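This report refers to the structure that appears directly beneath it.
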Amino acid sequence: MNTCTTIRELIPWYVNGTLSVDEARHVAAHLSQCEACREELIQNMQLSIEVRRAFSELEGMRSESKKDVLKRTTGQQLAHLDVGSFVLGFSFGASYQKGRIPIRGDLKLLGRRIRLISNDREDYNE
Amino acid sequence: MSQAGELLAKVANQDSTAFQQLYDLFADRVYRYAFTILHNKHLAEEIAQETMVAVWNGASRFAGRSKPSTWIFGIARNQALTLLRKEKKAETTGSPELVQADPSKHIIQHERVMTALGELSADHREVVYLTFYEGLSYGEISGILGIPSGTVKSRMFHAKRKLAEVLA
């Protein structure tokens, strides 16, 4: 793969500022010497602006949406207990949500949370 | 720890105030991301809601190995793809259409760039969105989509070529 092809693959992320320092230096050094890639950079910058504008103008969510989510999540808190410190602690929570009473109890160890008690089946792994 | 990371830690402890702040930070972004996959604002809103509910239920499982945004967008993507699979199944079994005509499409048609984005495949559109709207690195996008970085770059290359054709 020639240098221009490699550089052009990186240009979108040069534009959004997420390349590593080394990659960004590499791209900048090439751009200083290559007019065709500078043109590609300008096109990417224009595209970036247009895409952001287009998605910004997309009609947003309904105002009721947040209420709907809060009803299904936080519900009405019945009890909450948080004891201990960052090193070692325990938290317990119970709330009323749409006829259910989810109960959760976590052991906190060095900032990590280990679930000890839960009657809620809905969980997602990272 | 980032603001989102701190909020997630509190949400894991069932902190409802933190969840509302996290909702304000992410729901709209998740909605716009889901739109890139589904191209239907009603379904995108449904996915945004389901994603935020999943964040509430699963915050304690977030181990901090990735950025909160990467984790949340990953949940949204899984939800959107599951919905797409259900739609396809409903279509093949002759069930009522899940996807209805999206009134927003008429508005979108007036937007030249959005129309051009609509010409892209969902795979290409989400890379363009995550790069230029969300400002994510190709490594982060690779993590969300579960594809190699080279494939992210390749999808961007093809997306830009298609956009150039449509916008010319």
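Identifiers in this document derive from the order of the structure tokens: chains are assigned A, B, ..., residues are numbered from 1 separately in each chain, and ligands are numbered from 1 in order of occurrence.
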
For this session: Extract, using only C-alpha atoms, all DNA, RNA and protein residues at most 9 Å from stretch 67-79 of chain B, discarding same-chain residues fewer than 5 positions from it, and format them as a list in words.
Result: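 The filter keeps Tyr124 and Glu126 of chain A; Ser2, Ala4, Gly5, Leu8, Phe26, Arg29, Val30, Tyr31, Tyr33, Ala34, Ile37, Ile47, Ala48, Glu50, Thr51, Met52, Ala54, Val55, Phe62, Leu84, Leu136, Glu140, Ile141, Gly143, Ile144 and Leu145 of chain B.
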
Since we have the selection now, will you write its residues out, keeping N, CA and C atoms, as a CSV table (one decimal), in the first residue's frame?
```csv
chain,number,residue,atom,x,y,z
A,124,TYR,N,-27.0,-6.9,31.7
A,124,TYR,CA,-26.2,-6.9,30.5
A,124,TYR,C,-24.8,-6.9,30.8
A,126,GLU,N,-20.8,-6.4,29.9
A,126,GLU,CA,-20.0,-5.4,29.2
A,126,GLU,C,-19.3,-6.2,28.0
B,2,SER,N,-14.0,9.6,34.2
B,2,SER,CA,-14.8,10.6,33.4
B,2,SER,C,-16.1,10.9,34.1
B,4,ALA,N,-19.0,10.6,32.8
B,4,ALA,CA,-19.9,9.5,32.5
B,4,ALA,C,-19.6,8.3,33.4
B,5,GLY,N,-18.3,8.0,33.6
B,5,GLY,CA,-17.9,6.9,34.4
B,5,GLY,C,-18.4,7.1,35.9
B,8,LEU,N,-22.1,6.5,35.9
B,8,LEU,CA,-22.4,5.0,35.8
B,8,LEU,C,-22.2,4.3,37.2
B,26,PHE,N,-26.7,10.8,27.4
B,26,PHE,CA,-26.6,9.8,26.3
B,26,PHE,C,-27.9,9.5,25.5
B,29,ARG,N,-27.9,10.9,22.0
B,29,ARG,CA,-26.8,10.4,21.2
B,29,ARG,C,-27.1,9.0,20.7
B,30,VAL,N,-27.7,8.2,21.7
B,30,VAL,CA,-28.0,6.8,21.3
B,30,VAL,C,-29.1,6.8,20.3
B,31,TYR,N,-30.1,7.7,20.4
B,31,TYR,CA,-31.2,7.8,19.5
B,31,TYR,C,-30.6,8.1,18.1
B,33,TYR,N,-27.6,7.6,17.0
B,33,TYR,CA,-26.8,6.4,16.5
B,33,TYR,C,-27.8,5.3,16.0
B,34,ALA,N,-28.8,5.0,16.8
B,34,ALA,CA,-29.8,4.0,16.4
B,34,ALA,C,-30.4,4.4,15.0
B,37,ILE,N,-28.6,3.1,12.1
B,37,ILE,CA,-28.7,1.7,11.8
B,37,ILE,C,-30.1,1.4,11.2
B,47,ILE,N,-35.3,2.1,20.5
B,47,ILE,CA,-34.0,1.5,20.9
B,47,ILE,C,-33.3,2.4,21.9
B,48,ALA,N,-33.4,3.7,21.8
B,48,ALA,CA,-32.8,4.6,22.8
B,48,ALA,C,-33.4,4.3,24.2
B,50,GLU,N,-34.9,1.5,25.2
B,50,GLU,CA,-34.5,0.2,25.7
B,50,GLU,C,-33.0,0.2,26.2
B,51,THR,N,-32.2,0.9,25.5
B,51,THR,CA,-30.8,1.0,25.8
B,51,THR,C,-30.6,1.6,27.2
B,52,MET,N,-31.4,2.7,27.5
B,52,MET,CA,-31.2,3.4,28.7
B,52,MET,C,-31.7,2.5,29.9
B,54,ALA,N,-31.6,-0.7,29.8
B,54,ALA,CA,-30.5,-1.7,30.0
B,54,ALA,C,-29.4,-1.1,30.8
B,55,VAL,N,-29.1,0.1,30.6
B,55,VAL,CA,-28.0,0.8,31.3
B,55,VAL,C,-28.3,0.8,32.8
B,62,PHE,N,-20.7,-2.9,34.4
B,62,PHE,CA,-19.7,-2.1,33.7
B,62,PHE,C,-18.4,-2.1,34.5
B,84,LEU,N,-33.8,-5.5,14.2
B,84,LEU,CA,-33.8,-5.7,12.7
B,84,LEU,C,-34.1,-7.2,12.4
B,136,LEU,N,-15.3,9.5,17.6
B,136,LEU,CA,-14.6,8.3,18.2
B,136,LEU,C,-13.4,7.9,17.4
B,140,GLU,N,-11.9,2.7,18.9
B,140,GLU,CA,-13.2,2.6,19.7
B,140,GLU,C,-14.3,2.1,18.8
B,141,ILE,N,-14.4,2.6,17.6
B,141,ILE,CA,-15.4,2.1,16.6
B,141,ILE,C,-15.2,0.6,16.4
B,143,GLY,N,-14.1,-1.5,18.5
B,143,GLY,CA,-14.6,-2.2,19.7
B,143,GLY,C,-16.2,-2.3,19.7
B,144,ILE,N,-16.8,-1.2,19.3
B,144,ILE,CA,-18.3,-1.1,19.3
B,144,ILE,C,-18.9,-2.1,18.3
B,145,LEU,N,-18.3,-2.1,17.1
B,145,LEU,CA,-18.8,-2.9,16.0
B,145,LEU,C,-18.3,-4.3,16.0
```

Problem set entry | Shell around A:Val51 at 7 Å using only C-alpha atoms, local window under 3 positions removed, as a list in words | Leu47, Ser48, Ala54 and Phe55 of chain A; Val113, Phe132 and Tyr133 of chain B

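If you measure from each of A:Thr74, A:Ile117, A:Thr6, A:Leu81 to B:Ala18 using only C-alpha atoms, the closest one turns out to be A:Thr74.
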
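Restricting the calculation to only C-alpha atoms, the smallest distance between chain A and any of B:Ala122, B:Ala168, B:Leu83, B:Leu117 is found for B:Leu117.
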
For this session: Once DSSP has gone over the backbone, tell me which residues of chain A are in helix (DSSP H, G or I), as JSON, numbers by chain.
Result: {"A": [3, 4, 5, 6, 7, 8, 9, 10, 11, 12, 13, 14, 15, 21, 22, 23, 24, 25, 26, 27, 28, 29, 30, 31, 35, 36, 37, 38, 39, 40, 41, 42, 43, 44, 45, 46, 47, 48, 49, 50, 51, 52, 53, 54, 55, 56, 64, 65, 66, 67, 68, 69, 70, 71, 72]}

Seminar exercise, completed: A:Lys67 proximity check over B:Leu81, B:Val152, B:Leu120, B:Val53, using only C-alpha atoms: winner is B:Val53

Problem set entry | Non-local contacts of stretch 19-24 of chain A (9 Å; only C-alpha atoms; under 5 positions in same chain excluded) as a list in words |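 In the requested form, the answer reads Leu10, Trp13, Tyr14 and Ala29 of chain A; Ser137 and Tyr138 of chain B.
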